[in-house]
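J.: The structure's right below; bear with me while I get my questions together.
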Amino acid sequence: MPDFSRKSAADSAEIAASDRPSRPVRGLIFEVREFALHDGPGVRTSVFFKGCPLRCRWCHNPESQAPTPELLLNRSRCSSCGACEKICDAALSRSRRSRCVACGRCVDLCPQGARNLCGWETDVPTLVERLLRQRDLFELSGGGVTLTGGEPLFQPEFAVELARALRNAGIHVALETCGFASPEVFDALTSCVDLVYFDVKILDPERSRRWIGVDSAPILANLRRLCASGRPFVVRTPSIPGVNDSPAERAAVERLVDGVPSALGVEFLPYNFAAGAKYALLDRQFDPDLP
């Protein structure tokens, strides 16, 4: 699998605090989930951005990692009828899977529904129009839209324009982020939202590189920026058995925001023991190598 972990949103720092882009901005998302109840206040619609700079060993959304469309294949449903092979010789063969360009033509042909295309491009006006269909529900419940992923900071130009458009329409916008980006990109996006959910996974830089694939230093630096900004935020930490779930680790995370007025709390999320379920759809092995 290609290594996308070295790409950083810092490459797009020029969009920070910029005016509305003059050219059409398109983004890649892989899901729009309505009636979400755990991604912010009220009833929300969550927009899942495709692409992430991290490679968490325990990731339960592997389809969110690559910043390109991908074909998901459920081989347990496949009857080997050969319908897909009529248009693509890479459709069934694992050895030819690398040739797949995720065009999606085989998805509609599959009589068993074993195929799904993960990731599609859209522009901001089209996506905003879809999201505003839930405006009445947002207003009744005090909800809104949550940008999540993947990682919204991985598509900073699109994320900033989307957040601005939603807030201009009077919609509450929350951001869920791992915090790995340049300071300019981080400030540009967080200044466009009403609430931030900031993931803190590993504090130690060396252990961070081992378990999530990047140094924790830029993440913690952006957390400090968030603390100083006055923007309301919640720290979230996935509790991974044997990795970061000790009392000492939890206490260290809590100390990061102790006394910060805009910190609304720290949430320790339980480990998802079904984390590896989706890897087979991508012909990948789930091997977190947890202690």
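Following the order of the structure tokens, chains are lettered A, B, ..., residues in each are numbered from 1, and ligands are numbered from 1.
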Can you check which residues of range 187-266 of chain A DSSP gives as strand (DSSP E) on the backbone and send them as a VMD selection string?

T.: chain A and resid 195 to 199 233 to 238 263 to 266

J.: Name the residues in contact with range 67-78 of chain A at a cut-off of 10 Å, using only C-alpha atoms, excluding same-chain residues fewer than 5 positions from it; report them as a PyMOL selection string.

T.: chain A and resi 4+7+27-30+49-53+91-92+97+100-104+106-107+110-121+150-151+154-155+278-283

J.: If you keep N, CA and C atoms, can you produce a file of those selected residues as a compact mmCIF listing (two decimals), in the first residue's frame?

T.:
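Dumped everything to out.txt:
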# COMPACT_ATOMS: atom_id res chain seq x y z
N PHE A 4 1.00 7.23 2.58
CA PHE A 4 0.50 8.59 2.53
C PHE A 4 0.81 9.34 3.82
N LYS A 7 2.64 12.86 3.86
CA LYS A 7 2.00 14.06 3.35
C LYS A 7 1.42 14.82 4.52
N GLY A 27 -13.43 18.55 -2.84
CA GLY A 27 -12.90 17.72 -1.78
C GLY A 27 -13.31 16.27 -1.97
N LEU A 28 -12.66 15.39 -1.23
CA LEU A 28 -12.94 13.96 -1.31
C LEU A 28 -13.50 13.51 0.03
N ILE A 29 -14.73 13.01 0.02
CA ILE A 29 -15.35 12.49 1.24
C ILE A 29 -15.77 11.04 0.99
N PHE A 30 -16.01 10.31 2.08
CA PHE A 30 -16.42 8.92 1.88
C PHE A 30 -17.72 8.57 2.60
N PHE A 49 -14.22 13.10 5.85
CA PHE A 49 -13.20 13.42 4.85
C PHE A 49 -12.30 12.21 4.63
N LYS A 50 -11.90 11.98 3.39
CA LYS A 50 -11.03 10.85 3.08
C LYS A 50 -9.58 11.31 3.01
N GLY A 51 -8.72 10.58 3.67
CA GLY A 51 -7.30 10.92 3.73
C GLY A 51 -6.90 11.28 5.15
N CYS A 52 -5.79 10.70 5.61
CA CYS A 52 -5.32 10.95 6.97
C CYS A 52 -3.80 10.84 7.01
N PRO A 53 -3.11 11.76 7.71
CA PRO A 53 -1.65 11.68 7.80
C PRO A 53 -1.16 10.66 8.82
N ALA A 91 -10.83 -7.16 -11.61
CA ALA A 91 -11.98 -7.15 -10.73
C ALA A 91 -11.94 -8.22 -9.65
N LEU A 92 -11.50 -9.41 -9.98
CA LEU A 92 -11.53 -10.51 -9.01
C LEU A 92 -10.15 -10.92 -8.52
N ARG A 97 -5.05 -6.63 -8.23
CA ARG A 97 -5.78 -5.60 -7.49
C ARG A 97 -5.10 -4.24 -7.62
N CYS A 100 -6.37 -1.73 -10.13
CA CYS A 100 -7.68 -1.11 -9.95
C CYS A 100 -7.53 0.40 -9.79
N VAL A 101 -8.29 1.15 -10.57
CA VAL A 101 -8.26 2.61 -10.49
C VAL A 101 -9.52 3.16 -9.83
N ALA A 102 -10.31 2.28 -9.22
CA ALA A 102 -11.53 2.68 -8.50
C ALA A 102 -12.45 3.52 -9.36
N CYS A 103 -12.67 3.04 -10.58
CA CYS A 103 -13.58 3.77 -11.48
C CYS A 103 -15.04 3.54 -11.10
N GLY A 104 -15.32 2.43 -10.40
CA GLY A 104 -16.67 2.15 -9.94
C GLY A 104 -17.57 1.44 -10.93
N CYS A 106 -17.60 -1.59 -11.95
CA CYS A 106 -17.95 -2.94 -11.54
C CYS A 106 -18.99 -2.95 -10.41
N VAL A 107 -19.14 -1.82 -9.70
CA VAL A 107 -20.05 -1.78 -8.55
C VAL A 107 -21.48 -2.02 -8.99
N CYS A 110 -22.36 -5.75 -10.14
CA CYS A 110 -22.30 -6.89 -9.23
C CYS A 110 -23.71 -7.26 -8.74
N PRO A 111 -24.22 -8.44 -9.08
CA PRO A 111 -25.58 -8.82 -8.67
C PRO A 111 -25.68 -9.14 -7.18
N GLN A 112 -24.56 -9.40 -6.51
CA GLN A 112 -24.57 -9.76 -5.10
C GLN A 112 -24.33 -8.56 -4.18
N GLY A 113 -24.08 -7.40 -4.75
CA GLY A 113 -23.79 -6.22 -3.92
C GLY A 113 -22.52 -6.36 -3.12
N ALA A 114 -21.54 -7.05 -3.71
CA ALA A 114 -20.29 -7.31 -2.99
C ALA A 114 -19.29 -6.17 -3.13
N ARG A 115 -19.61 -5.18 -3.95
CA ARG A 115 -18.66 -4.11 -4.25
C ARG A 115 -19.21 -2.76 -3.86
N ASN A 116 -18.31 -1.91 -3.38
CA ASN A 116 -18.70 -0.57 -3.00
C ASN A 116 -17.54 0.37 -3.27
N LEU A 117 -17.84 1.53 -3.83
CA LEU A 117 -16.80 2.52 -4.08
C LEU A 117 -16.74 3.47 -2.89
N CYS A 118 -15.59 3.57 -2.29
CA CYS A 118 -15.40 4.40 -1.10
C CYS A 118 -14.67 5.68 -1.50
N GLY A 119 -15.36 6.79 -1.44
CA GLY A 119 -14.76 8.08 -1.73
C GLY A 119 -15.30 8.68 -3.02
N TRP A 120 -15.79 9.91 -2.92
CA TRP A 120 -16.24 10.61 -4.13
C TRP A 120 -15.94 12.09 -3.97
N GLU A 121 -15.68 12.72 -5.10
CA GLU A 121 -15.40 14.15 -5.11
C GLU A 121 -16.70 14.96 -5.10
N GLY A 150 -11.13 9.83 8.70
CA GLY A 150 -10.10 10.63 8.05
C GLY A 150 -9.69 11.84 8.85
N GLU A 151 -9.22 12.85 8.13
CA GLU A 151 -8.76 14.06 8.78
C GLU A 151 -9.08 15.28 7.93
N PHE A 154 -6.34 17.42 6.44
CA PHE A 154 -5.62 16.86 5.31
C PHE A 154 -6.13 17.45 3.99
N GLN A 155 -7.33 18.06 4.03
CA GLN A 155 -7.89 18.78 2.88
C GLN A 155 -8.25 20.19 3.35
N LYS A 278 -12.87 -4.18 8.81
CA LYS A 278 -12.94 -3.63 7.46
C LYS A 278 -11.70 -3.90 6.61
N TYR A 279 -10.63 -4.39 7.22
CA TYR A 279 -9.37 -4.51 6.48
C TYR A 279 -9.48 -5.49 5.32
N ALA A 280 -10.24 -6.56 5.52
CA ALA A 280 -10.38 -7.55 4.45
C ALA A 280 -11.03 -6.96 3.21
N LEU A 281 -11.88 -5.95 3.39
CA LEU A 281 -12.52 -5.31 2.24
C LEU A 281 -11.51 -4.63 1.33
N LEU A 282 -10.34 -4.30 1.89
CA LEU A 282 -9.28 -3.65 1.13
C LEU A 282 -8.13 -4.60 0.82
N ASP A 283 -8.34 -5.89 1.10
CA ASP A 283 -7.27 -6.89 0.95
C ASP A 283 -6.05 -6.52 1.78

J.: Which residue is closest to Pro41 in chain A? Choose from A:Asp215, A:Glu139, A:Asp199, A:Glu85 and count only C-alpha atoms.

T.: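 When distances to Pro41 in chain A are compared using only C-alpha atoms, the smallest one comes from A:Glu139.
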
J.: Kindly assemble as CSV a list of the range 154-239 of chain A residues that lie within 12 Å of range 142-148 of chain A, each paired with its nearest atom pair and their distance in Å to one decimal, using only C-alpha atoms, sorted first by chain and then by ascending residue number.

T.:
residue,atom,partner,partner_atom,distance
A:Phe154,CA,A:Thr148,CA,10.7
A:Gln155,CA,A:Leu147,CA,11.1
A:Pro156,CA,A:Leu147,CA,11.4
A:Phe158,CA,A:Leu147,CA,11.1
A:Ala159,CA,A:Leu147,CA,7.8
A:Val160,CA,A:Leu147,CA,10.3
A:Glu161,CA,A:Leu147,CA,12.0
A:Leu162,CA,A:Leu147,CA,9.2
A:Ala163,CA,A:Leu147,CA,8.3
A:Arg164,CA,A:Val145,CA,11.9
A:Ala165,CA,A:Val145,CA,11.5
A:Leu166,CA,A:Val145,CA,8.1
A:Arg167,CA,A:Val145,CA,9.7
A:Ala169,CA,A:Gly144,CA,11.0
A:Gly170,CA,A:Gly144,CA,9.3
A:Ile171,CA,A:Gly144,CA,5.7
A:His172,CA,A:Gly144,CA,4.7
A:Val173,CA,A:Val145,CA,5.1
A:Ala174,CA,A:Thr146,CA,4.5
A:Leu175,CA,A:Leu147,CA,4.8
A:Glu176,CA,A:Thr148,CA,4.9
A:Thr177,CA,A:Thr148,CA,6.7
A:Cys178,CA,A:Thr148,CA,9.6
A:Gly179,CA,A:Thr148,CA,11.8
A:Leu189,CA,A:Leu147,CA,10.6
A:Thr190,CA,A:Leu147,CA,11.1
A:Cys192,CA,A:Leu147,CA,11.4
A:Val193,CA,A:Thr146,CA,9.4
A:Asp194,CA,A:Thr146,CA,10.0
A:Leu195,CA,A:Thr146,CA,9.1
A:Val196,CA,A:Thr146,CA,9.3
A:Tyr197,CA,A:Thr148,CA,9.3
A:Phe198,CA,A:Thr148,CA,10.8
A:Asp199,CA,A:Thr148,CA,11.2

J.: Using only C-alpha atoms, what does the table of range 58-169 of chain A residues within 12 Å of range 253-276 of chain A look like, with each row giving the shortest atom pair and its distance in Å to one decimal, sorted by chain and ascending number, as JSON lines?

T.:
{"residue": "A:Trp58", "atom": "CA", "partner": "A:Ala275", "partner_atom": "CA", "distance": 6.6}
{"residue": "A:Cys59", "atom": "CA", "partner": "A:Ala275", "partner_atom": "CA", "distance": 6.5}
{"residue": "A:His60", "atom": "CA", "partner": "A:Ala275", "partner_atom": "CA", "distance": 4.1}
{"residue": "A:Asn61", "atom": "CA", "partner": "A:Ala275", "partner_atom": "CA", "distance": 7.6}
{"residue": "A:Pro62", "atom": "CA", "partner": "A:Gly276", "partner_atom": "CA", "distance": 8.6}
{"residue": "A:Glu63", "atom": "CA", "partner": "A:Gly276", "partner_atom": "CA", "distance": 11.4}

J.: Between CA of Gly213 in chain A and CA of Cys56 in chain A, measure the distance and give it in Å to one decimal.

T.: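 Here the two named atoms are 6.7 Å from each other.
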